[in-house]
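Q: One file is attached below, my_file.cif, containing mmCIF, C-alpha atoms.
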data_coords
#
loop_
_atom_site.label_atom_id
_atom_site.label_comp_id
_atom_site.auth_asym_id
_atom_site.auth_seq_id
_atom_site.Cartn_x
_atom_site.Cartn_y
_atom_site.Cartn_z
CA MET A 1 117.19 72.25 104.42
CA GLU A 2 115.92 70.32 107.41
CA ILE A 3 114.11 67.14 106.50
CA VAL A 4 110.85 66.67 108.31
CA ALA A 5 110.65 63.39 110.16
CA LYS A 6 108.16 61.00 108.58
CA PRO A 7 104.97 61.32 110.62
CA ASN A 8 103.08 58.45 112.11
CA LYS A 9 100.38 57.67 109.56
CA TYR A 10 97.59 57.70 112.12
CA GLU A 11 98.54 61.14 113.40
CA LEU A 12 98.54 62.70 109.94
CA GLY A 13 95.23 61.20 108.87
CA GLU A 14 93.44 62.14 112.06
CA MET A 15 94.78 65.68 111.90
CA LEU A 16 93.53 66.05 108.32
CA LEU A 17 90.10 64.75 109.31
CA GLU A 18 89.97 67.24 112.18
CA ILE A 19 90.87 70.13 109.86
CA GLY A 20 88.32 68.99 107.28
CA SER A 21 85.50 68.70 109.78
CA LEU A 22 86.35 72.13 111.25
CA LEU A 23 86.13 73.61 107.75
CA ILE A 24 82.79 71.96 106.95
CA VAL A 25 81.27 73.03 110.28
CA SER A 26 82.43 76.62 109.78
CA GLY A 27 80.67 76.83 106.42
CA ALA A 28 83.28 76.17 103.73
CA ASN A 29 82.20 74.73 100.41
CA THR A 30 83.23 71.27 99.25
CA GLU A 31 85.92 72.45 96.87
CA ARG A 32 87.70 74.45 99.57
CA VAL A 33 87.79 71.46 101.93
CA LYS A 34 89.17 69.28 99.15
CA VAL A 35 91.82 71.83 98.11
CA THR A 36 92.97 72.59 101.67
CA ILE A 37 93.31 68.95 102.68
CA SER A 38 95.12 67.86 99.53
CA ARG A 39 97.45 70.87 99.94
CA ILE A 40 98.43 69.84 103.46
CA ALA A 41 98.68 66.16 102.51
CA GLY A 42 100.91 67.16 99.58
CA ALA A 43 103.30 68.86 102.00
CA PHE A 44 103.83 65.44 103.63
CA CYS A 45 104.27 63.69 100.25
CA CYS A 46 100.91 61.92 100.49
CA ASP A 47 98.02 61.48 98.12
CA SER A 48 94.64 62.11 99.65
CA ASP A 49 91.27 60.95 98.38
CA LEU A 50 88.22 62.41 100.04
CA MET A 51 84.57 61.65 100.25
CA ILE A 52 82.65 64.61 101.59
CA THR A 53 78.99 64.54 102.52
CA ASN A 54 77.07 66.99 104.65
CA HIS A 55 77.48 64.96 107.85
CA ALA A 56 80.50 62.73 107.26
CA LEU A 57 84.05 63.07 106.00
CA MET A 58 86.02 60.09 104.74
CA ILE A 59 89.69 60.16 103.84
CA THR A 60 92.15 57.69 102.34
CA LEU A 61 95.82 58.64 102.52
CA THR A 62 98.28 56.88 100.24
CA TYR A 63 101.97 57.23 101.01
CA LYS A 64 104.21 57.47 98.00
CA ASP A 65 107.16 55.50 99.36
CA ASN A 66 105.26 52.41 100.46
CA ILE A 67 101.97 50.70 99.81
CA LYS A 68 100.48 51.56 103.21
CA THR A 69 97.23 53.47 103.26
CA PHE A 70 95.14 55.07 105.98
CA THR A 71 91.36 55.22 105.79
CA SER A 72 89.02 56.68 108.34
CA VAL A 73 85.61 58.33 108.63
CA LYS A 74 84.71 61.27 110.84
CA TRP A 75 81.26 62.46 111.78
CA VAL A 76 80.74 66.16 111.17
CA PRO A 77 78.48 68.03 113.63
CA ASN A 78 75.85 70.58 112.63
CA MET A 79 76.88 73.78 110.88
CA HIS A 80 78.06 76.61 113.08
CA LEU A 81 79.22 79.50 110.90
CA ASN A 82 82.68 80.84 111.71
CA PHE A 83 84.45 82.53 108.81
CA ASN A 84 87.34 83.57 111.01
CA LEU A 85 88.23 79.91 111.53
CA ILE A 86 88.10 79.22 107.78
CA SER A 87 90.38 82.17 107.15
CA ASP A 88 92.84 81.07 109.86
CA ILE A 89 92.96 77.48 108.61
CA SER A 90 93.53 78.68 105.06
CA THR A 91 96.45 80.85 106.17
CA MET A 92 97.80 77.99 108.25
CA SER A 93 97.66 75.56 105.32
CA TRP A 94 99.90 77.90 103.30
CA LYS A 95 102.35 78.22 106.18
CA ILE A 96 102.42 74.43 106.51
CA VAL A 97 103.43 74.10 102.87
CA GLU A 98 105.93 76.96 102.83
CA GLU A 99 107.59 76.44 106.21
CA LYS A 100 107.31 72.63 106.28
CA TRP A 101 105.68 72.26 109.68
CA SER A 102 105.70 68.94 111.48
CA VAL A 103 102.49 67.20 112.54
CA GLU A 104 103.17 68.06 116.21
CA ARG A 105 103.50 71.73 115.37
CA ILE A 106 100.25 71.68 113.35
CA ASN A 107 98.45 69.97 116.22
CA ASN A 108 99.75 72.61 118.64
CA GLU A 109 98.67 75.43 116.34
CA MET A 110 95.23 73.84 115.94
CA LYS A 111 94.77 74.05 119.70
CA LEU A 112 95.64 77.75 119.57
CA LEU A 113 93.11 78.50 116.80
CA ASP A 114 90.41 80.92 117.76
CA ARG A 115 87.22 78.87 117.85
CA LYS A 116 85.26 81.25 120.02
CA PRO A 117 83.17 84.00 118.41
CA LEU A 118 85.15 87.18 117.80
CA TYR A 119 82.31 89.49 118.68
CA SER A 120 80.54 89.61 122.02
CA ARG A 121 76.95 88.48 122.12
CA PHE A 122 75.63 92.02 122.54
CA ALA A 123 77.72 93.31 119.65
CA VAL A 124 76.28 90.59 117.38
CA LEU A 125 72.74 91.31 118.58
CA PHE A 126 73.16 95.04 118.01
CA LEU A 127 74.84 94.74 114.60
CA VAL A 128 72.33 92.23 113.26
CA ALA A 129 69.43 94.33 114.54
CA LEU A 130 71.00 97.33 112.82
CA ALA A 131 71.20 95.23 109.65
CA GLY A 132 67.50 94.45 110.03
CA ALA A 133 66.67 98.14 110.33
CA SER A 134 68.82 98.85 107.27
CA PHE A 135 66.91 96.24 105.30
CA CYS A 136 63.69 97.90 106.32
CA ARG A 137 64.99 101.28 105.12
CA LEU A 138 66.20 99.75 101.83
CA PHE A 139 62.81 98.27 101.09
CA GLY A 140 61.18 101.64 101.71
CA GLY A 141 60.22 101.68 105.40
CA GLY A 142 60.02 104.83 107.52
CA MET A 143 61.46 105.66 110.94
CA THR A 144 58.79 103.82 112.97
CA GLU A 145 59.12 100.72 110.85
CA MET A 146 62.89 100.80 111.19
CA ILE A 147 62.66 100.90 114.99
CA LEU A 148 60.08 98.11 114.90
CA CYS A 149 62.28 96.03 112.65
CA PHE A 150 65.31 96.72 114.87
CA SER A 151 63.56 95.46 117.99
CA GLY A 152 61.94 92.54 116.16
CA THR A 153 65.30 91.35 114.84
CA LEU A 154 66.96 91.86 118.22
CA VAL A 155 64.41 89.76 120.10
CA GLY A 156 64.22 87.17 117.33
CA LEU A 157 67.96 86.62 117.24
CA PHE A 158 68.06 86.47 121.03
CA ILE A 159 65.38 83.77 120.96
CA ARG A 160 67.32 81.84 118.33
CA GLN A 161 70.51 81.94 120.39
CA GLU A 162 68.66 80.85 123.53
CA THR A 163 66.79 77.98 121.84
CA MET A 164 70.03 76.82 120.20
CA LYS A 165 71.57 76.70 123.69
CA LEU A 166 68.66 74.57 124.89
CA LYS A 167 69.51 72.18 122.02
CA PHE A 168 66.19 72.29 120.24
CA ASN A 169 65.96 70.99 116.70
CA PHE A 170 67.75 73.46 114.40
CA TYR A 171 64.73 74.12 112.18
CA LEU A 172 62.51 74.53 115.24
CA CYS A 173 64.90 77.24 116.51
CA ILE A 174 64.46 79.09 113.23
CA PHE A 175 60.70 78.71 113.47
CA PHE A 176 60.73 80.16 117.00
CA ALA A 177 62.89 83.10 115.94
CA SER A 178 60.77 83.87 112.90
CA LEU A 179 57.58 83.60 114.96
CA THR A 180 58.95 85.94 117.65
CA SER A 181 60.15 88.62 115.24
CA SER A 182 56.98 88.72 113.21
CA PHE A 183 54.80 88.43 116.33
CA LEU A 184 56.37 91.56 117.79
CA VAL A 185 55.85 93.59 114.61
CA GLY A 186 52.38 92.09 114.15
CA LEU A 187 51.39 93.02 117.69
CA TYR A 188 52.39 96.65 117.14
CA SER A 189 50.49 96.87 113.88
CA PHE A 190 47.48 95.20 115.53
CA LEU A 191 47.49 97.87 118.26
CA ASN A 192 47.88 100.67 115.68
CA PRO A 193 45.43 99.66 112.97
CA GLY A 194 45.81 102.88 110.93
CA GLY A 195 49.47 102.40 109.99
CA GLU A 196 51.10 100.45 107.19
CA PHE A 197 53.70 98.01 108.53
CA ILE A 198 54.17 95.62 105.63
CA HIS A 199 57.85 96.52 105.19
CA ALA A 200 58.68 95.98 108.84
CA LEU A 201 56.84 92.66 108.80
CA SER A 202 58.55 91.34 105.71
CA THR A 203 62.07 92.48 106.67
CA SER A 204 62.01 91.51 110.35
CA VAL A 205 62.65 87.85 109.47
CA LEU A 206 65.32 88.49 106.86
CA PHE A 207 68.19 87.92 109.30
CA LEU A 208 67.26 84.21 109.29
CA ILE A 209 67.84 83.82 105.55
CA PRO A 210 70.27 80.93 104.94
CA GLY A 211 72.62 82.88 102.68
CA VAL A 212 75.72 80.78 103.23
CA PRO A 213 74.15 77.37 102.45
CA MET A 214 72.45 78.98 99.45
CA ILE A 215 75.65 80.30 97.87
CA ASN A 216 77.57 77.16 98.88
CA SER A 217 74.90 75.03 97.26
CA PHE A 218 75.24 76.89 94.00
CA SER A 219 79.05 76.89 94.00
CA ASP A 220 79.07 73.15 94.79
CA LEU A 221 76.78 72.54 91.83
CA ILE A 222 79.07 74.58 89.57
CA ASP A 223 82.13 72.69 90.82
CA GLY A 224 80.47 69.40 89.91
CA ASN A 225 79.75 68.24 93.46
CA ILE A 226 76.12 67.69 92.49
CA LEU A 227 75.21 65.54 95.47
CA ASN A 228 76.50 68.03 98.05
CA GLY A 229 74.96 70.91 96.16
CA THR A 230 71.56 69.22 96.15
CA THR A 231 71.80 68.39 99.85
CA ARG A 232 72.59 71.98 100.73
CA GLY A 233 69.84 73.23 98.45
CA VAL A 234 67.25 71.04 100.17
CA ASN A 235 68.55 72.31 103.51
CA VAL A 236 67.96 75.88 102.30
CA LEU A 237 64.41 74.99 101.30
CA VAL A 238 63.65 73.47 104.70
CA ILE A 239 65.01 76.57 106.46
CA ALA A 240 62.94 78.83 104.19
CA PHE A 241 59.91 76.69 105.01
CA ALA A 242 60.56 77.12 108.75
CA ILE A 243 60.86 80.90 108.33
CA SER A 244 57.63 81.18 106.37
CA LEU A 245 55.82 78.90 108.82
CA GLY A 246 56.70 81.25 111.69
CA LEU A 247 55.68 84.27 109.66
CA MET A 248 52.45 82.59 108.63
CA VAL A 249 51.49 81.76 112.21
CA SER A 250 51.78 85.39 113.33
CA LEU A 251 49.95 86.60 110.21
CA LEU A 252 47.11 84.24 111.06
CA ILE A 253 47.10 85.26 114.73
CA PHE A 254 46.69 88.96 113.92
CA ASN A 255 44.71 88.33 110.72
CA LEU A 256 47.01 90.63 108.69
CA HIS A 257 46.78 90.35 104.94
CA MET B 258 68.03 111.06 93.31
CA ASP B 259 71.74 111.24 94.08
CA PHE B 260 71.27 111.74 97.79
CA ALA B 261 68.66 108.95 97.96
CA LEU B 262 71.11 106.60 96.29
CA LEU B 263 73.89 107.63 98.68
CA GLU B 264 71.67 107.02 101.67
CA LYS B 265 70.89 103.54 100.34
CA GLY B 266 74.63 102.90 100.15
CA ILE B 267 75.02 103.74 103.84
CA TRP B 268 72.27 101.33 104.86
CA LEU B 269 73.55 98.61 102.53
CA GLY B 270 76.91 98.81 104.26
CA PHE B 271 75.34 98.42 107.71
CA ALA B 272 73.38 95.39 106.51
CA GLY B 273 76.60 93.82 105.23
CA ILE B 274 78.40 94.47 108.53
CA GLY B 275 75.53 92.92 110.49
CA PHE B 276 75.75 89.69 108.56
CA GLY B 277 79.53 89.77 108.81
CA ALA B 278 79.19 89.79 112.59
CA LEU B 279 76.67 86.95 112.40
CA PHE B 280 79.11 84.87 110.32
CA ASN B 281 82.01 85.79 112.64
CA VAL B 282 84.33 87.22 109.97
CA PRO B 283 87.82 88.41 110.98
CA ARG B 284 87.83 92.01 112.26
CA ARG B 285 90.24 93.23 109.56
CA THR B 286 87.67 92.40 106.85
CA LEU B 287 84.78 94.48 108.24
CA ALA B 288 85.71 97.73 106.48
CA ALA B 289 86.13 95.95 103.16
CA ILE B 290 82.75 94.25 103.60
CA TYR B 291 81.10 97.62 104.27
CA ILE B 292 82.52 99.15 101.10
CA MET B 293 81.83 96.11 98.95
CA SER B 294 78.23 95.63 99.99
CA ALA B 295 77.59 99.36 99.49
CA LEU B 296 79.15 99.37 96.02
CA GLY B 297 77.48 96.16 94.85
CA GLY B 298 74.07 97.24 96.09
CA LEU B 299 74.46 100.72 94.62
CA LEU B 300 75.30 99.27 91.23
CA LYS B 301 72.14 97.16 91.46
CA PHE B 302 69.94 100.12 92.43
CA TYR B 303 71.51 102.34 89.78
CA MET B 304 70.88 99.75 87.07
CA ILE B 305 67.30 99.33 88.26
CA SER B 306 66.86 103.11 87.97
CA LEU B 307 68.15 102.87 84.37
CA GLU B 308 65.49 100.17 83.78
CA PHE B 309 67.80 97.25 83.07
CA GLY B 310 65.54 94.75 84.81
CA LEU B 311 65.83 93.34 88.30
CA VAL B 312 67.50 90.04 87.48
CA PHE B 313 70.20 91.50 85.28
CA ALA B 314 70.87 94.28 87.82
CA ALA B 315 71.22 91.71 90.61
CA PHE B 316 73.57 89.68 88.44
CA CYS B 317 75.81 92.70 87.73
CA GLY B 318 75.82 93.82 91.38
CA SER B 319 76.80 90.39 92.62
CA SER B 320 79.47 90.04 89.92
CA LEU B 321 80.99 93.32 91.09
CA ILE B 322 81.03 91.94 94.65
CA GLY B 323 82.64 88.75 93.38
CA PHE B 324 85.45 90.59 91.59
CA LEU B 325 86.01 92.99 94.50
CA SER B 326 86.18 90.04 96.90
CA VAL B 327 89.02 88.52 94.88
CA LEU B 328 90.91 91.83 95.12
CA ALA B 329 90.16 92.24 98.81
CA ALA B 330 91.29 88.68 99.48
CA HIS B 331 94.79 89.63 98.31
CA TYR B 332 95.01 92.79 100.41
CA ARG B 333 93.34 91.55 103.59
CA LYS B 334 94.61 87.94 103.52
CA ALA B 335 91.37 86.02 103.87
CA PRO B 336 89.49 83.70 101.50
CA PRO B 337 87.31 85.58 98.96
CA MET B 338 84.08 84.04 100.21
CA THR B 339 84.65 85.68 103.61
CA PHE B 340 84.04 89.02 101.89
CA ALA B 341 81.58 87.98 99.22
CA LEU B 342 78.92 86.26 101.32
CA PRO B 343 78.16 88.96 103.93
CA ALA B 344 78.27 91.62 101.22
CA LEU B 345 75.83 89.69 99.06
CA ILE B 346 73.10 89.07 101.65
CA PRO B 347 71.67 92.65 101.57
CA MET B 348 70.69 92.09 97.93
CA ILE B 349 68.48 89.09 98.64
CA PRO B 350 64.92 89.86 97.50
CA GLY B 351 63.15 89.34 100.81
CA PHE B 352 60.18 91.46 99.88
CA PHE B 353 59.32 89.39 96.79
CA ALA B 354 59.65 86.17 98.72
CA TYR B 355 57.37 87.56 101.43
CA LYS B 356 54.78 88.68 98.89
CA ALA B 357 54.87 85.28 97.19
CA MET B 358 54.37 83.50 100.49
CA VAL B 359 51.46 85.67 101.59
CA GLY B 360 50.00 85.24 98.10
CA VAL B 361 50.06 81.45 98.42
CA MET B 362 48.34 81.76 101.78
CA LYS B 363 45.62 83.93 100.32
CA LEU B 364 45.18 81.55 97.36
CA THR B 365 44.32 78.64 99.64
CA ALA B 366 41.43 80.66 101.12
CA GLU B 367 40.20 82.36 97.94
CA LYS B 368 36.86 81.25 96.42
CA ASP B 369 36.06 83.91 93.79
CA PRO B 370 37.54 82.76 90.42
CA ASP B 371 38.21 86.28 89.10
CA VAL B 372 40.13 87.36 92.18
CA TYR B 373 41.84 83.97 92.21
CA SER B 374 43.28 84.31 88.72
CA LYS B 375 44.52 87.84 89.42
CA LEU B 376 46.05 86.74 92.71
CA PHE B 377 47.61 83.67 91.11
CA PHE B 378 49.23 85.83 88.45
CA GLU B 379 50.74 88.16 91.07
CA THR B 380 51.93 85.32 93.29
CA ALA B 381 53.61 83.49 90.43
CA LYS B 382 55.26 86.73 89.30
CA ASN B 383 56.63 87.51 92.76
CA GLY B 384 57.77 83.95 93.39
CA LEU B 385 59.53 83.68 90.04
CA SER B 386 61.21 87.07 90.53
CA ALA B 387 62.52 85.97 93.92
CA CYS B 388 63.78 82.66 92.49
CA PHE B 389 65.53 84.18 89.52
CA ILE B 390 67.09 87.02 91.51
CA ILE B 391 68.52 84.51 94.00
CA LEU B 392 69.81 82.40 91.12
CA ALA B 393 71.39 85.46 89.49
CA LEU B 394 72.99 86.48 92.79
CA SER B 395 74.55 83.06 93.35
CA ALA B 396 75.76 82.79 89.77
CA GLY B 397 77.08 86.35 89.74
CA VAL B 398 79.20 85.88 92.83
CA ALA B 399 80.36 82.34 92.01
CA ILE B 400 81.63 82.99 88.50
CA PRO B 401 84.31 85.61 89.36
CA LEU B 402 85.57 83.32 92.13
CA LEU B 403 85.83 80.43 89.67
CA ILE B 404 87.66 82.54 87.11
CA ALA B 405 90.10 83.91 89.70
CA ARG B 406 90.91 80.47 91.03
CA LYS B 407 92.65 79.60 87.77
CA GLU B 408 94.58 82.83 87.46
CA THR B 409 95.97 83.50 90.92
CA VAL B 410 99.60 84.07 90.04
CA LYS B 411 100.84 83.89 93.60
CA ARG B 412 99.51 80.38 94.13
CA ILE B 413 100.85 78.98 90.88
CA LYS B 414 104.33 80.29 91.71
CA VAL B 415 104.27 78.85 95.20
CA ASP B 416 103.23 75.49 93.87
CA LYS B 417 106.07 75.35 91.36
CA VAL B 418 108.70 76.25 93.95
CA LEU B 419 107.21 73.68 96.28
CA GLU B 420 107.24 70.95 93.68
CA MET B 421 110.89 71.59 92.93
CA GLN B 422 111.75 71.45 96.61
CA LEU B 423 109.83 68.23 97.00
CA GLU B 424 111.63 66.68 94.03
CA ASN B 425 114.98 67.69 95.48
CA LEU B 426 113.98 66.16 98.80
CA GLU B 427 113.07 62.90 97.17
CA GLU B 428 116.33 62.81 95.22
CA GLU B 429 118.32 63.44 98.38
CA ASN B 430 116.51 60.64 100.12
#
Kindly return the structure encoded in the file as structure tokens.
A:
Amino acid sequence: MEIVAKPNKYELGEMLLEIGSLLIVSGANTERVKVTISRIAGAFCCDSDLMITNHALMITLTYKDNIKTFTSVKWVPNMHLNFNLISDISTMSWKIVEEKWSVERINNEMKLLDRKPLYSRFAVLFLVALAGASFCRLFGGGMTEMILCFSGTLVGLFIRQETMKLKFNFYLCIFFASLTSSFLVGLYSFLNPGGEFIHALSTSVLFLIPGVPMINSFSDLIDGNILNGTTRGVNVLVIAFAISLGLMVSLLIFNLH
Amino acid sequence: MDFALLEKGIWLGFAGIGFGALFNVPRRTLAAIYIMSALGGLLKFYMISLEFGLVFAAFCGSSLIGFLSVLAAHYRKAPPMTFALPALIPMIPGFFAYKAMVGVMKLTAEKDPDVYSKLFFETAKNGLSACFIILALSAGVAIPLLIARKETVKRIKVDKVLEMQLENLEEEN
């Protein structure tokens, strides 16, 4: 068997930090980051100790053959969900262990990883709007409400994407999206006072629900990462507050109760 | 009743796919997500129709999704949470949360004590339902994943082989 050349300690540590921050940004929970990094570090005969918070990742690598250690901190940007990346990195970490990749090879593969969204913008808009309409149907809405909900979700998501591009505050983006979706449905029900549009109104903002932080928060709590779990939970609450603020504003505008 | 349930399954699947696209899941997982979110949601609706209670039904539905996601992870080669999260979102009780929020808004403006107490009762009921259903959903999907993590045969085997190889390497060195 070919023996892998001992990597430069700085290269290995920085690569692990890069992988860890990619995982956190894409929406992995704390345990998965820990497991993936210690798996890769184990393939290079290193011990890794991690400190993971919502915006920073700190690693200390200890080499078994000598007393040298490597410690560094990396800032983690805001969350941008990308499950495809998580899946690819997970597969890659197994290949690293089984096929004994070198650090250079891992770095090359990292450059090849698919960081761009898999689905075109219009496909995402259409599918999420369809999901909104499905929600409306599930909660008991009729055909008109489904169409309303479809268009509300479509415009709302479009607004969120655009405001994210303009680099507004994240919670403000959610407020804008929630306001737009509910405003559209509210306007229609204001112009047609006879109808009942409560289902369309309540389901048009559901696409903004922070499902991933919510489940991650709970699984972090179960795993014993109480601090991370609490942080994510508070994040969920703030997002829910932004959603309800947007909904409330359009309810007040059209005086719907 | 049967056809109504089937129709709900179709819409549940679309909702799951929509969130899958939003989370940018790998293309090969989309079909599995459709089936899982339809099955999990159908179990929930079926249990509600048998009058098991909303929270317990949500717990069972999400547990089914959790177990299916572990199976799907083996066949489609992706982490279980890639399947579980998009499939779970359609079960979130948006309507209760909405009702609770509107109720709080009305409470701040209400003056009549009789109406207030009735409204307060409804708002608390809706808010608590939403909270507990969300809690049950998270717990239901997390527990199967935690159980499976300890029993994944493939991973244990790989680790043992790897450890032996590493030991050999160290001895050779």
Q: Determine the residue set returned by the PyMOL selection byres ((chain A) within 6 of (chain B)) for the present structure, and present it as a VMD selection string.
A: chain A and resid 81 to 84 87 124 127 to 128 131 134 202 215 219
Q: Specify as an MDAnalysis selection string each residue included when the PyMOL selection byres ((chain A and resi 144-146) around 12) is applied to this file.
A: (chainID A and resid 129:143 147:153 184:186 188:189 192 195:204) or (chainID B and resid 268)
Q: For the atom pair atom CA of A:Thr91 and atom CA of A:Pro210, what is the interatomic distance in Å to one decimal place?
A: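 Atom CA of A:Pro210 lies 26.2 Å from atom CA of A:Thr91.
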Q: Determine the nearest neighbour of B:Val312 from the options B:Cys388, B:Ala381, B:Leu376, B:Ile404, counting only C-alpha atoms.
A: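 Once distances to B:Val312 are computed over only C-alpha atoms, the minimum belongs to B:Cys388.
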Q: Could you state which residues are captured by the PyMOL selection byres ((chain A and resi 229-235) around 9) in this file, as a short mmCIF file (atom, residue, chain, number, x, y, z; two decimals) with C-alpha atoms, keeping the file's coordinate frame?
A:
data_model
loop_
_atom_site.label_atom_id
_atom_site.label_comp_id
_atom_site.auth_asym_id
_atom_site.auth_seq_id
_atom_site.Cartn_x
_atom_site.Cartn_y
_atom_site.Cartn_z
CA THR A 30 83.23 71.27 99.25
CA THR A 53 78.99 64.54 102.52
CA ASN A 54 77.07 66.99 104.65
CA PRO A 210 70.27 80.93 104.94
CA PRO A 213 74.15 77.37 102.45
CA MET A 214 72.45 78.98 99.45
CA ASN A 216 77.57 77.16 98.88
CA SER A 217 74.90 75.03 97.26
CA PHE A 218 75.24 76.89 94.00
CA SER A 219 79.05 76.89 94.00
CA ASP A 220 79.07 73.15 94.79
CA LEU A 221 76.78 72.54 91.83
CA ILE A 222 79.07 74.58 89.57
CA GLY A 224 80.47 69.40 89.91
CA ASN A 225 79.75 68.24 93.46
CA ILE A 226 76.12 67.69 92.49
CA LEU A 227 75.21 65.54 95.47
CA ASN A 228 76.50 68.03 98.05
CA VAL A 236 67.96 75.88 102.30
CA LEU A 237 64.41 74.99 101.30
CA VAL A 238 63.65 73.47 104.70
CA ILE A 239 65.01 76.57 106.46
CA ALA A 240 62.94 78.83 104.19
#
Q: So how many Å separate atom CA of A:Val76 and atom CA of B:Arg333, to one decimal?
A: 29.3 Å
